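Participant: Right, I'll just put the structure down here and ask away after.
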Amino acid sequence: QQQVFFYILFRTLSLLTTMTRTLPLLLLLASRPPADARGYRASLSARRAPPAAFEFPSLGALFPPAPKTGTAASLKTDLLAAVSGTNNGKTADPARQRAVLSLVGRLERSYPPSSVAGALTDPARLAQLDGTWHLQYTSPSAVDGDGGDDDDGEVWTPVPEPGAKAVEAFRAQGTIRAGGLTVEYDSVPRQIVDVANGRITNEVDLPLGAVTVGGPFRGSPAVPNRAIVDFDTAEIATSLGPVIRFGFVFGIRRLLDNNPNADWLEVTYVDEDVRIGRGNKGTMFVLTRDPEAVVP
C-alpha cells in the first residue's frame, strides 16, 4: 500500500510539473488570431500597437468654405466690384475678364428657368426690363485661349436664329456695336427699353454730341429670352445744334445682307437693379439701374 501511495504521489507531482512548464505556451497559442484564408495571421506587433493619438479636426473641417454658387445678392456685389475700375471693360486684363465671366455665369445659372422663359412675355419680368439702364461693362463672352466663359467649364453657346446668317464674333472691349455701327465712348452709355412701344434705344454722350441708335424689337421664335432688333434710327445731336440723321444705312445694310434676324440681344439675368445680356456677336453686357453703381 505504501508503494502504491508513493507511486500516485510521484505521478501527480510529475503531472503538475509538466502543466507548469506548458501553461505559458498554451496561453500564447490561445491568444493568437485565427489565420485568414491564405494562412496568414496578423503580426503580434500590429495587434499590440497602441491606439492612435487623438487629433483635433482641422479648421477646414470645422468651417467648410461657402458653396461656390453663392446667393444672387452676393454674386451681384462681387460682380459690380469686379467690373469697377475697368473703364467699361476697356482696361480689363484677361485675368479680370475671366473673373467677371465666372461671376456672370454663376449669376445667370442662379436665374430660374421660368424667369428666362418669361423674360419677354411675363408682365412682372417686362416691368423689370422696362426703363433706362446704364451700360457698365462689355466684353467678349470668352477670353482668348479659353474654352469656356467661367471656371466651372460652362460655355455660353448662342442658338442660331432661323433664317439668319452666321456673323463674325465681335472681340472688342468697352464698345457698342449696334446694327453694324461701332461706337467708342468714355461716358456711361444708356439703354432705354420701351416695353409699351416695343423699342430699344442706345444713347451715348460724345464730345461732338449725343449719339442715338435704336429700333423696334420682337420676340425670337427660337429663344424665349431673345429680342430681335430691327434698327431704324441713327442720329447725332451735335453740340452746335444740328441733328445728323443717318438711319437709312440700316435699310441699305439689310437689303445688301438679306439677313433680317441678324441683330438680337438675350436677357440672361434681370432684377430690380442689375441686368446681364448676351449679343448676337458674342458680346456680354452688364447694366445697372443706378449710373453710379460701378466706379469708372
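How things are named: the first chain in the C-alpha cells is A, the next is B, and so on; residues count from 1 in each chain; ligands count from 1 in the order shown.
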Do you know which residues are at most 10 Å from A:Ala117 counting only C-alpha atoms, after dropping those on the same chain fewer than 5 positions away, and could you put them as a VMD selection string?
Facilitator: chain A and resid 112 122 125 223 to 226 267 to 268
Participant: For all heavy atoms, I'd like the residues from the last selection saved as an mmCIF file, in the first residue's frame.
Facilitator:
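File written: selection08.cif
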```cif
data_model
loop_
_atom_site.group_PDB
_atom_site.id
_atom_site.type_symbol
_atom_site.label_atom_id
_atom_site.label_comp_id
_atom_site.auth_asym_id
_atom_site.auth_seq_id
_atom_site.Cartn_x
_atom_site.Cartn_y
_atom_site.Cartn_z
ATOM 1 N N PRO A 112 -33.911 81.536 -62.297
ATOM 2 C CA PRO A 112 -34.815 80.402 -62.530
ATOM 3 C C PRO A 112 -35.158 80.250 -64.010
ATOM 4 O O PRO A 112 -35.363 81.240 -64.715
ATOM 5 C CB PRO A 112 -36.067 80.777 -61.722
ATOM 6 C CG PRO A 112 -35.595 81.775 -60.720
ATOM 7 C CD PRO A 112 -34.481 82.529 -61.380
ATOM 8 N N ASP A 122 -43.697 87.627 -69.648
ATOM 9 C CA ASP A 122 -44.303 87.738 -68.331
ATOM 10 C C ASP A 122 -44.360 89.209 -67.905
ATOM 11 O O ASP A 122 -43.348 89.911 -67.944
ATOM 12 C CB ASP A 122 -43.481 86.936 -67.321
ATOM 13 C CG ASP A 122 -44.081 86.988 -65.932
ATOM 14 O OD1 ASP A 122 -45.160 86.427 -65.727
ATOM 15 O OD2 ASP A 122 -43.459 87.629 -65.047
ATOM 16 N N ARG A 125 -41.694 90.302 -65.371
ATOM 17 C CA ARG A 125 -40.347 90.390 -65.929
ATOM 18 C C ARG A 125 -40.227 91.581 -66.872
ATOM 19 O O ARG A 125 -39.195 92.258 -66.908
ATOM 20 C CB ARG A 125 -39.987 89.097 -66.665
ATOM 21 C CG ARG A 125 -39.952 87.871 -65.760
ATOM 22 C CD ARG A 125 -38.961 88.062 -64.627
ATOM 23 N NE ARG A 125 -39.023 86.981 -63.657
ATOM 24 C CZ ARG A 125 -38.412 87.002 -62.479
ATOM 25 N NH1 ARG A 125 -37.700 88.063 -62.117
ATOM 26 N NH2 ARG A 125 -38.510 85.985 -61.641
ATOM 27 N N VAL A 223 -35.549 81.446 -79.281
ATOM 28 C CA VAL A 223 -35.100 81.583 -77.890
ATOM 29 C C VAL A 223 -36.065 82.524 -77.170
ATOM 30 O O VAL A 223 -36.223 83.677 -77.580
ATOM 31 C CB VAL A 223 -33.656 82.135 -77.828
ATOM 32 C CG1 VAL A 223 -33.182 82.220 -76.386
ATOM 33 C CG2 VAL A 223 -32.712 81.267 -78.642
ATOM 34 N N PRO A 224 -36.710 82.074 -76.084
ATOM 35 C CA PRO A 224 -37.752 82.896 -75.449
ATOM 36 C C PRO A 224 -37.252 84.182 -74.813
ATOM 37 O O PRO A 224 -38.020 85.126 -74.667
ATOM 38 C CB PRO A 224 -38.349 81.949 -74.394
ATOM 39 C CG PRO A 224 -37.273 80.938 -74.124
ATOM 40 C CD PRO A 224 -36.565 80.761 -75.428
ATOM 41 N N ASN A 225 -35.977 84.233 -74.407
ATOM 42 C CA ASN A 225 -35.448 85.440 -73.772
ATOM 43 C C ASN A 225 -34.626 86.293 -74.736
ATOM 44 O O ASN A 225 -33.835 87.127 -74.320
ATOM 45 C CB ASN A 225 -34.590 85.077 -72.557
ATOM 46 C CG ASN A 225 -33.397 84.205 -72.913
ATOM 47 O OD1 ASN A 225 -33.511 83.311 -73.742
ATOM 48 N ND2 ASN A 225 -32.262 84.445 -72.289
ATOM 49 N N ARG A 226 -34.831 86.109 -76.039
ATOM 50 C CA ARG A 226 -34.084 86.847 -77.058
ATOM 51 C C ARG A 226 -34.991 87.851 -77.755
ATOM 52 O O ARG A 226 -36.089 87.512 -78.197
ATOM 53 C CB ARG A 226 -33.495 85.891 -78.090
ATOM 54 C CG ARG A 226 -32.768 86.568 -79.236
ATOM 55 C CD ARG A 226 -32.271 85.551 -80.254
ATOM 56 N NE ARG A 226 -31.231 84.699 -79.684
ATOM 57 C CZ ARG A 226 -30.709 83.655 -80.324
ATOM 58 N NH1 ARG A 226 -31.134 83.328 -81.538
ATOM 59 N NH2 ARG A 226 -29.764 82.935 -79.746
ATOM 60 N N VAL A 267 -31.681 88.431 -72.839
ATOM 61 C CA VAL A 267 -31.725 88.816 -71.430
ATOM 62 C C VAL A 267 -31.452 87.550 -70.626
ATOM 63 O O VAL A 267 -32.326 86.695 -70.481
ATOM 64 C CB VAL A 267 -33.090 89.419 -71.055
ATOM 65 C CG1 VAL A 267 -33.106 89.808 -69.579
ATOM 66 C CG2 VAL A 267 -33.406 90.617 -71.927
ATOM 67 N N THR A 268 -30.244 87.407 -70.105
ATOM 68 C CA THR A 268 -29.876 86.193 -69.378
ATOM 69 C C THR A 268 -30.035 86.341 -67.868
ATOM 70 O O THR A 268 -30.031 85.336 -67.150
ATOM 71 C CB THR A 268 -28.432 85.787 -69.705
ATOM 72 O OG1 THR A 268 -27.560 86.889 -69.422
ATOM 73 C CG2 THR A 268 -28.307 85.412 -71.183
#
```
Participant: Just want the 9 Å neighbourhood of stretch 271-273 of chain A, counted on only C-alpha atoms, with same-chain residues fewer than 4 positions away dropped. Output as a PyMOL selection string.
Facilitator: chain A and resi 125+128-129+133+287-290
Participant: Could you write out the selected residues, including N, CA and C atoms, as a PDB file, in the first residue's frame?
Facilitator:
```pdb
ATOM      1  N   ARG A 125     -41.694  90.302 -65.371  1.00  0.00           N
ATOM      2  CA  ARG A 125     -40.347  90.390 -65.929  1.00  0.00           C
ATOM      3  C   ARG A 125     -40.227  91.581 -66.872  1.00  0.00           C
ATOM      4  N   GLN A 128     -39.611  94.651 -64.919  1.00  0.00           N
ATOM      5  CA  GLN A 128     -38.220  94.773 -64.503  1.00  0.00           C
ATOM      6  C   GLN A 128     -37.338  95.244 -65.655  1.00  0.00           C
ATOM      7  N   LEU A 129     -37.667  94.802 -66.856  1.00  0.00           N
ATOM      8  CA  LEU A 129     -36.853  95.141 -68.027  1.00  0.00           C
ATOM      9  C   LEU A 129     -37.088  96.569 -68.502  1.00  0.00           C
ATOM     10  N   TRP A 133     -31.443 101.789 -68.544  1.00  0.00           N
ATOM     11  CA  TRP A 133     -30.338 101.030 -67.976  1.00  0.00           C
ATOM     12  C   TRP A 133     -29.016 101.694 -68.369  1.00  0.00           C
ATOM     13  N   LEU A 287     -25.365  95.720 -67.091  1.00  0.00           N
ATOM     14  CA  LEU A 287     -26.053  97.005 -66.977  1.00  0.00           C
ATOM     15  C   LEU A 287     -26.640  97.156 -65.584  1.00  0.00           C
ATOM     16  N   THR A 288     -26.770  98.404 -65.134  1.00  0.00           N
ATOM     17  CA  THR A 288     -27.355  98.682 -63.828  1.00  0.00           C
ATOM     18  C   THR A 288     -28.375  99.811 -63.960  1.00  0.00           C
ATOM     19  N   ARG A 289     -29.309  99.842 -63.012  1.00  0.00           N
ATOM     20  CA  ARG A 289     -30.261 100.963 -62.963  1.00  0.00           C
ATOM     21  C   ARG A 289     -29.562 102.246 -62.508  1.00  0.00           C
ATOM     22  N   ASP A 290     -28.711 102.091 -61.505  1.00  0.00           N
ATOM     23  CA  ASP A 290     -28.008 103.242 -60.938  1.00  0.00           C
ATOM     24  C   ASP A 290     -26.765 103.544 -61.778  1.00  0.00           C
TER      25      ASP A 290
END
```
Participant: Give the alpha helix (DSSP H) residues of stretch 122-291 of chain A, as assigned by DSSP on the backbone, as a list of chain:residue names.
Facilitator: A:Pro123, A:Ala124, A:Arg125, A:Leu126, A:Ala127, A:Gln128, A:Leu129, A:Phe248, A:Val249, A:Phe250, A:Gly251, A:Ile252, A:Arg253, A:Arg254, A:Leu255, A:Leu256, A:Asp257
Participant: Can you spit out the residues from that selection as a compact mmCIF listing (two decimals), in the first residue's frame, using all heavy atoms?
Facilitator:
```
# COMPACT_ATOMS: atom_id res chain seq x y z
N PRO A 123 -45.54 89.70 -67.50
CA PRO A 123 -45.66 91.12 -67.13
C PRO A 123 -44.69 91.55 -66.03
O PRO A 123 -44.15 92.66 -66.07
CB PRO A 123 -47.11 91.24 -66.68
CG PRO A 123 -47.83 90.14 -67.39
CD PRO A 123 -46.85 89.01 -67.47
N ALA A 124 -44.46 90.68 -65.05
CA ALA A 124 -43.55 91.04 -63.96
C ALA A 124 -42.12 91.19 -64.47
O ALA A 124 -41.40 92.13 -64.08
CB ALA A 124 -43.61 89.98 -62.86
N ARG A 125 -41.69 90.30 -65.37
CA ARG A 125 -40.35 90.39 -65.93
C ARG A 125 -40.23 91.58 -66.87
O ARG A 125 -39.19 92.26 -66.91
CB ARG A 125 -39.99 89.10 -66.67
CG ARG A 125 -39.95 87.87 -65.76
CD ARG A 125 -38.96 88.06 -64.63
NE ARG A 125 -39.02 86.98 -63.66
CZ ARG A 125 -38.41 87.00 -62.48
NH1 ARG A 125 -37.70 88.06 -62.12
NH2 ARG A 125 -38.51 85.98 -61.64
N LEU A 126 -41.27 91.85 -67.64
CA LEU A 126 -41.24 93.01 -68.53
C LEU A 126 -41.16 94.31 -67.74
O LEU A 126 -40.50 95.27 -68.16
CB LEU A 126 -42.46 93.00 -69.44
CG LEU A 126 -42.46 91.97 -70.57
CD1 LEU A 126 -43.82 91.94 -71.28
CD2 LEU A 126 -41.36 92.28 -71.57
N ALA A 127 -41.82 94.34 -66.58
CA ALA A 127 -41.75 95.54 -65.73
C ALA A 127 -40.34 95.75 -65.23
O ALA A 127 -39.86 96.89 -65.10
CB ALA A 127 -42.73 95.39 -64.56
N GLN A 128 -39.61 94.65 -64.92
CA GLN A 128 -38.22 94.77 -64.50
C GLN A 128 -37.34 95.24 -65.65
O GLN A 128 -36.39 96.00 -65.46
CB GLN A 128 -37.70 93.43 -63.98
CG GLN A 128 -38.27 93.02 -62.64
CD GLN A 128 -37.70 91.69 -62.17
OE1 GLN A 128 -37.40 90.81 -62.97
NE2 GLN A 128 -37.54 91.54 -60.87
N LEU A 129 -37.67 94.80 -66.86
CA LEU A 129 -36.85 95.14 -68.03
C LEU A 129 -37.09 96.57 -68.50
O LEU A 129 -36.18 97.22 -69.04
CB LEU A 129 -37.18 94.15 -69.15
CG LEU A 129 -36.34 94.19 -70.42
CD1 LEU A 129 -34.88 93.88 -70.11
CD2 LEU A 129 -36.89 93.22 -71.46
N PHE A 248 -31.03 105.59 -92.46
CA PHE A 248 -31.24 104.90 -93.73
C PHE A 248 -30.18 103.82 -93.98
O PHE A 248 -30.41 102.89 -94.78
CB PHE A 248 -31.24 105.90 -94.88
CG PHE A 248 -29.94 106.62 -95.06
CD1 PHE A 248 -28.93 106.11 -95.86
CD2 PHE A 248 -29.72 107.84 -94.41
CE1 PHE A 248 -27.72 106.78 -96.02
CE2 PHE A 248 -28.51 108.52 -94.56
CZ PHE A 248 -27.51 107.98 -95.36
N VAL A 249 -29.02 103.92 -93.33
CA VAL A 249 -27.96 102.94 -93.55
C VAL A 249 -28.39 101.54 -93.11
O VAL A 249 -27.92 100.54 -93.67
CB VAL A 249 -26.65 103.35 -92.84
CG1 VAL A 249 -26.15 104.67 -93.35
CG2 VAL A 249 -26.85 103.40 -91.32
N PHE A 250 -29.28 101.48 -92.12
CA PHE A 250 -29.73 100.16 -91.67
C PHE A 250 -30.57 99.47 -92.75
O PHE A 250 -30.46 98.26 -92.96
CB PHE A 250 -30.55 100.29 -90.38
CG PHE A 250 -29.75 100.81 -89.21
CD1 PHE A 250 -30.18 101.93 -88.51
CD2 PHE A 250 -28.58 100.19 -88.82
CE1 PHE A 250 -29.46 102.40 -87.43
CE2 PHE A 250 -27.85 100.67 -87.74
CZ PHE A 250 -28.29 101.78 -87.04
N GLY A 251 -31.40 100.23 -93.42
CA GLY A 251 -32.20 99.66 -94.50
C GLY A 251 -31.32 99.16 -95.64
O GLY A 251 -31.56 98.08 -96.20
N ILE A 252 -30.29 99.94 -95.98
CA ILE A 252 -29.36 99.51 -97.04
C ILE A 252 -28.63 98.25 -96.62
O ILE A 252 -28.45 97.31 -97.42
CB ILE A 252 -28.37 100.65 -97.35
CG1 ILE A 252 -29.12 101.87 -97.90
CG2 ILE A 252 -27.30 100.19 -98.32
CD1 ILE A 252 -28.24 103.09 -98.10
N ARG A 253 -28.21 98.20 -95.35
CA ARG A 253 -27.49 97.02 -94.86
C ARG A 253 -28.36 95.78 -94.94
O ARG A 253 -27.90 94.71 -95.37
CB ARG A 253 -27.03 97.28 -93.42
CG ARG A 253 -26.41 96.07 -92.74
CD ARG A 253 -25.86 96.46 -91.38
NE ARG A 253 -25.43 95.31 -90.62
CZ ARG A 253 -26.15 94.71 -89.68
NH1 ARG A 253 -27.36 95.18 -89.39
NH2 ARG A 253 -25.68 93.67 -89.03
N ARG A 254 -29.62 95.89 -94.50
CA ARG A 254 -30.50 94.72 -94.55
C ARG A 254 -30.74 94.28 -95.98
O ARG A 254 -30.84 93.08 -96.27
CB ARG A 254 -31.83 95.04 -93.86
CG ARG A 254 -31.77 94.96 -92.34
CD ARG A 254 -33.15 94.98 -91.73
NE ARG A 254 -33.80 96.27 -91.90
CZ ARG A 254 -33.70 97.28 -91.04
NH1 ARG A 254 -32.97 97.14 -89.95
NH2 ARG A 254 -34.32 98.43 -91.27
N LEU A 255 -30.83 95.24 -96.88
CA LEU A 255 -31.07 94.90 -98.28
C LEU A 255 -29.87 94.18 -98.88
O LEU A 255 -30.03 93.20 -99.62
CB LEU A 255 -31.36 96.18 -99.09
CG LEU A 255 -31.69 96.00 -100.57
CD1 LEU A 255 -32.97 95.18 -100.73
CD2 LEU A 255 -31.82 97.35 -101.26
N LEU A 256 -28.67 94.63 -98.54
CA LEU A 256 -27.48 94.01 -99.09
C LEU A 256 -27.17 92.66 -98.42
O LEU A 256 -26.76 91.71 -99.10
CB LEU A 256 -26.27 94.95 -98.92
CG LEU A 256 -26.33 96.27 -99.69
CD1 LEU A 256 -25.14 97.15 -99.35
CD2 LEU A 256 -26.39 96.01 -101.20
N ASP A 257 -27.39 92.58 -97.14
CA ASP A 257 -27.07 91.35 -96.41
C ASP A 257 -28.15 90.29 -96.53
O ASP A 257 -27.87 89.09 -96.40
CB ASP A 257 -26.83 91.65 -94.93
CG ASP A 257 -25.55 92.44 -94.69
OD1 ASP A 257 -24.74 92.56 -95.64
OD2 ASP A 257 -25.37 92.95 -93.57
```
Participant: What is the atom CA of A:Ala92 to atom CA of A:Trp264 distance in Å?
Facilitator: 25.1 Å
Participant: Between A:Gly198, A:Gly214, A:Gly219, A:Pro291, which one has atoms that come closest to A:Asn261, using only C-alpha atoms?
Facilitator: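 Ranked by minimum distance to A:Asn261, first place goes to A:Gly219.
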Participant: Just want the 10 Å neighbourhood of A:Phe246, counted on only C-alpha atoms, with same-chain residues fewer than 2 positions away dropped. Output as a ChimeraX atom specification.
Facilitator: /A:213,232-236,243-244,248-250
Participant: Just how far from atom CA of A:Gly279 is atom CA of A:Leu120, in Å to one decimal?
Facilitator: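 Separating atom CA of A:Leu120 from atom CA of A:Gly279 is a distance of 15.6 Å.
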Participant: Just the number, please: distance in Å from atom CA of A:Ser220 to atom CA of A:Val286, one decimal.
Facilitator: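 Distance reported for this atom pair: 21.4 Å.
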Participant: Excluding A:Ser84 and its own-chain neighbours fewer than 4 positions away, which residues fall within 12 Å of it when counting only C-alpha atoms? Please give them as a CSV table (one decimal) with all heavy atoms, in the first residue's frame.
Facilitator:
```
chain,number,residue,atom,x,y,z
A,77,THR,N,-23.0,91.8,-55.9
A,77,THR,CA,-22.0,92.7,-55.2
A,77,THR,C,-20.6,92.4,-55.7
A,77,THR,O,-19.8,93.3,-56.0
A,77,THR,CB,-22.0,92.5,-53.7
A,77,THR,OG1,-23.3,92.8,-53.2
A,77,THR,CG2,-21.0,93.3,-53.0
A,78,ASP,N,-20.2,91.1,-55.8
A,78,ASP,CA,-18.9,90.8,-56.3
A,78,ASP,C,-18.7,91.2,-57.8
A,78,ASP,O,-17.6,91.6,-58.2
A,78,ASP,CB,-18.7,89.3,-56.2
A,78,ASP,CG,-18.6,88.8,-54.7
A,78,ASP,OD1,-18.4,89.7,-53.8
A,78,ASP,OD2,-18.8,87.6,-54.4
A,79,LEU,N,-19.8,91.0,-58.6
A,79,LEU,CA,-19.7,91.4,-60.0
A,79,LEU,C,-19.5,92.8,-60.2
A,79,LEU,O,-18.6,93.3,-61.0
A,79,LEU,CB,-21.0,90.9,-60.7
A,79,LEU,CG,-21.1,91.3,-62.2
A,79,LEU,CD1,-20.0,90.7,-63.0
A,79,LEU,CD2,-22.5,90.9,-62.7
A,80,LEU,N,-20.2,93.7,-59.5
A,80,LEU,CA,-20.1,95.1,-59.6
A,80,LEU,C,-18.7,95.6,-59.1
A,80,LEU,O,-18.1,96.5,-59.7
A,80,LEU,CB,-21.2,95.9,-58.9
A,80,LEU,CG,-22.6,95.6,-59.3
A,80,LEU,CD1,-23.6,96.4,-58.5
A,80,LEU,CD2,-22.7,95.9,-60.8
A,88,ASN,N,-15.4,100.6,-68.3
A,88,ASN,CA,-16.4,99.9,-69.1
A,88,ASN,C,-15.9,98.6,-69.7
A,88,ASN,O,-16.4,98.2,-70.7
A,88,ASN,CB,-17.0,100.8,-70.1
A,88,ASN,CG,-18.5,100.4,-70.4
A,88,ASN,OD1,-18.7,99.5,-71.3
A,88,ASN,ND2,-19.4,101.0,-69.8
A,89,GLY,N,-14.8,98.1,-69.2
A,89,GLY,CA,-14.2,96.9,-69.7
A,89,GLY,C,-12.9,97.1,-70.6
A,89,GLY,O,-12.2,96.2,-70.9
A,90,LYS,N,-12.7,98.4,-70.9
A,90,LYS,CA,-11.5,98.7,-71.8
A,90,LYS,C,-10.2,98.2,-71.2
A,90,LYS,O,-9.3,97.8,-71.9
A,90,LYS,CB,-11.5,100.2,-72.2
A,90,LYS,CG,-12.7,100.7,-73.0
A,90,LYS,CD,-12.4,102.1,-73.4
A,90,LYS,CE,-13.6,102.7,-74.1
A,90,LYS,NZ,-14.8,102.8,-73.3
A,91,THR,N,-10.0,98.5,-69.9
A,91,THR,CA,-8.7,98.2,-69.3
A,91,THR,C,-8.7,96.8,-68.6
A,91,THR,O,-7.7,96.6,-67.8
A,91,THR,CB,-8.4,99.3,-68.3
A,91,THR,OG1,-9.4,99.4,-67.3
A,91,THR,CG2,-8.3,100.7,-69.0
A,92,ALA,N,-9.7,96.0,-68.7
A,92,ALA,CA,-9.8,94.7,-68.0
A,92,ALA,C,-8.8,93.8,-68.7
A,92,ALA,O,-8.9,93.5,-69.9
A,92,ALA,CB,-11.2,94.2,-68.1
A,96,ARG,N,-8.9,89.6,-65.2
A,96,ARG,CA,-10.1,90.3,-64.8
A,96,ARG,C,-11.3,89.9,-65.6
A,96,ARG,O,-12.4,89.7,-65.1
A,96,ARG,CB,-9.9,91.8,-64.9
A,96,ARG,CG,-11.2,92.6,-64.5
A,96,ARG,CD,-11.4,92.6,-63.0
A,96,ARG,NE,-10.4,93.2,-62.2
A,96,ARG,CZ,-10.4,94.5,-61.9
A,96,ARG,NH1,-11.4,95.3,-62.2
A,96,ARG,NH2,-9.4,95.1,-61.2
A,97,GLN,N,-11.1,89.7,-66.9
A,97,GLN,CA,-12.2,89.2,-67.7
A,97,GLN,C,-12.7,87.9,-67.3
A,97,GLN,O,-13.9,87.6,-67.3
A,97,GLN,CB,-11.7,89.2,-69.2
A,97,GLN,CG,-11.5,90.5,-69.8
A,97,GLN,CD,-11.0,90.4,-71.3
A,97,GLN,OE1,-11.8,89.9,-72.1
A,97,GLN,NE2,-9.9,90.9,-71.6
A,100,VAL,N,-14.8,88.2,-64.1
A,100,VAL,CA,-16.1,88.8,-64.4
A,100,VAL,C,-17.0,87.7,-65.1
A,100,VAL,O,-18.2,87.5,-64.7
A,100,VAL,CB,-16.0,90.0,-65.3
A,100,VAL,CG1,-17.3,90.5,-65.8
A,100,VAL,CG2,-15.3,91.1,-64.6
A,136,GLN,N,-22.4,99.3,-68.0
A,136,GLN,CA,-21.2,99.4,-67.1
A,136,GLN,C,-20.0,98.6,-67.6
A,136,GLN,O,-18.9,98.9,-67.2
A,136,GLN,CB,-21.6,99.0,-65.7
A,136,GLN,CG,-22.8,99.8,-65.1
A,136,GLN,CD,-22.4,101.2,-64.7
A,136,GLN,OE1,-21.3,101.7,-65.0
A,136,GLN,NE2,-23.3,101.9,-64.0
A,137,TYR,N,-20.3,97.6,-68.4
A,137,TYR,CA,-19.2,96.7,-68.8
A,137,TYR,C,-19.6,95.9,-70.0
A,137,TYR,O,-20.7,95.4,-70.1
A,137,TYR,CB,-18.9,95.7,-67.6
A,137,TYR,CG,-17.7,94.8,-67.9
A,137,TYR,CD1,-16.4,95.2,-67.5
A,137,TYR,CD2,-17.9,93.6,-68.5
A,137,TYR,CE1,-15.3,94.3,-67.7
A,137,TYR,CE2,-16.8,92.7,-68.6
A,137,TYR,CZ,-15.5,93.1,-68.3
A,137,TYR,OH,-14.5,92.2,-68.5
A,138,THR,N,-18.6,95.8,-71.0
A,138,THR,CA,-18.8,95.0,-72.1
A,138,THR,C,-17.5,94.2,-72.4
A,138,THR,O,-16.4,94.7,-72.2
A,138,THR,CB,-19.2,95.8,-73.4
A,138,THR,OG1,-18.1,96.7,-73.7
A,138,THR,CG2,-20.4,96.6,-73.2
A,286,VAL,N,-23.1,94.1,-69.0
A,286,VAL,CA,-23.5,94.2,-67.6
A,286,VAL,C,-24.1,95.6,-67.5
A,286,VAL,O,-23.4,96.6,-67.7
A,286,VAL,CB,-22.4,94.0,-66.6
A,286,VAL,CG1,-22.9,94.3,-65.1
A,286,VAL,CG2,-21.8,92.6,-66.7
A,292,GLU,N,-24.3,105.2,-61.0
A,292,GLU,CA,-23.1,105.3,-60.2
A,292,GLU,C,-22.9,104.0,-59.4
A,292,GLU,O,-22.1,103.9,-58.4
A,292,GLU,CB,-23.2,106.4,-59.2
A,292,GLU,CG,-23.3,107.8,-60.0
A,292,GLU,CD,-23.4,109.0,-59.0
A,292,GLU,OE1,-23.5,108.7,-57.8
A,292,GLU,OE2,-23.3,110.1,-59.5
A,293,ALA,N,-23.5,102.9,-59.9
A,293,ALA,CA,-23.3,101.6,-59.2
A,293,ALA,C,-21.9,101.0,-59.3
A,293,ALA,O,-21.5,100.2,-58.6
A,293,ALA,CB,-24.4,100.6,-59.6
A,294,VAL,N,-21.2,101.5,-60.3
A,294,VAL,CA,-19.9,101.0,-60.6
A,294,VAL,C,-18.9,102.2,-60.7
A,294,VAL,O,-19.2,103.2,-61.2
A,294,VAL,CB,-19.9,100.3,-62.0
A,294,VAL,CG1,-18.5,100.0,-62.5
A,294,VAL,CG2,-20.7,99.0,-61.9
A,295,VAL,N,-17.8,102.0,-60.1
A,295,VAL,CA,-16.7,103.0,-60.2
A,295,VAL,C,-16.0,102.9,-61.5
A,295,VAL,O,-15.6,101.9,-61.9
A,295,VAL,CB,-15.7,102.8,-59.0
A,295,VAL,CG1,-14.6,103.9,-59.1
A,295,VAL,CG2,-16.3,102.8,-57.7
A,296,PRO,N,-16.0,104.1,-62.3
A,296,PRO,CA,-15.4,104.0,-63.6
A,296,PRO,C,-13.9,103.5,-63.6
A,296,PRO,O,-13.2,103.6,-62.6
A,296,PRO,CB,-15.4,105.5,-64.1
A,296,PRO,CG,-16.5,106.1,-63.2
A,296,PRO,CD,-16.4,105.4,-61.9
```
Participant: Find the residues around A:Thr201 up to 9 Å (only C-alpha atoms counted), leave out those fewer than 2 positions away in its own chain, and share them as a list in words.
Facilitator: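 With the cut-off at 9 Å, the set is Arg190, Gln191, Ile192, Val193, Asp194, Arg199, Glu203, Thr212, Val213, Gly214, Gly215, Pro216 and Thr233 of chain A.
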Participant: Need the shell around A:Pro189: protein/DNA/RNA residues with any atom at most 8 Å away, counting only C-alpha atoms. Skip same-chain ones fewer than 4 positions apart. Format as a list in words?
Facilitator: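 Skipping anything fewer than 4 positions along the chain leaves His134, Leu135, Gln136, Tyr185, Asn202, Glu203, Val204 and Asp205 of chain A.
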Participant: Just asking: which residues within stretch 192-276 of chain A are strand (DSSP E) according to DSSP, as a ChimeraX atom specification?
Facilitator: /A:192-194,199-206,209-219,226-229,233-238,243-245,264-270,274-276
Participant: Store the residues picked out above, limited to C-alpha atoms, as a compact mmCIF listing (two decimals), in the first residue's frame.
Facilitator:
```
# COMPACT_ATOMS: atom_id res chain seq x y z
CA ILE A 192 -33.75 102.54 -72.88
CA VAL A 193 -36.17 99.63 -73.12
CA ASP A 194 -39.64 100.94 -74.03
CA ARG A 199 -38.40 99.75 -78.86
CA ILE A 200 -34.79 99.61 -77.68
CA THR A 201 -32.64 102.74 -77.85
CA ASN A 202 -28.93 103.18 -77.09
CA GLU A 203 -27.67 106.66 -76.18
CA VAL A 204 -24.02 107.68 -75.85
CA ASP A 205 -22.66 111.11 -74.92
CA LEU A 206 -19.59 112.00 -77.01
CA GLY A 209 -22.73 115.39 -79.27
CA ALA A 210 -25.20 112.68 -78.24
CA VAL A 211 -25.40 109.59 -80.45
CA THR A 212 -28.69 107.66 -80.57
CA VAL A 213 -29.20 104.26 -82.19
CA GLY A 214 -32.40 102.27 -81.85
CA GLY A 215 -35.28 100.38 -83.36
CA PRO A 216 -38.28 98.16 -82.66
CA PHE A 217 -37.80 94.74 -81.11
CA ARG A 218 -39.77 91.49 -81.31
CA GLY A 219 -39.52 88.14 -79.63
CA ARG A 226 -34.08 86.85 -77.06
CA ALA A 227 -35.22 90.14 -78.60
CA ILE A 228 -34.60 90.65 -82.32
CA VAL A 229 -33.96 94.33 -83.02
CA THR A 233 -32.81 105.11 -86.12
CA ALA A 234 -29.30 106.58 -86.00
CA GLU A 235 -28.62 110.22 -85.26
CA ILE A 236 -26.09 112.58 -83.75
CA ALA A 237 -27.39 115.60 -81.86
CA THR A 238 -24.31 117.80 -82.23
CA VAL A 243 -29.03 116.86 -85.70
CA ILE A 244 -27.47 114.49 -88.21
CA ARG A 245 -29.74 111.56 -89.09
CA TRP A 264 -30.52 90.33 -81.37
CA LEU A 265 -29.99 90.63 -77.62
CA GLU A 266 -30.66 87.97 -74.99
CA VAL A 267 -31.72 88.82 -71.43
CA THR A 268 -29.88 86.19 -69.38
CA TYR A 269 -30.47 87.83 -65.99
CA VAL A 270 -32.56 90.76 -64.78
CA VAL A 274 -28.85 94.57 -62.42
CA ARG A 275 -29.24 93.15 -65.91
CA ILE A 276 -26.97 90.84 -67.92
```
Participant: For each of A:Gly277, A:Pro160, A:Gly282, A:Pro94, take the minimum atom-to-atom distance to A:Ala119, counting only C-alpha atoms, then give the residue where this is smallest.
Facilitator: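 Comparing A:Gly277, A:Pro160, A:Gly282, A:Pro94 against A:Ala119, the winner is A:Gly277.
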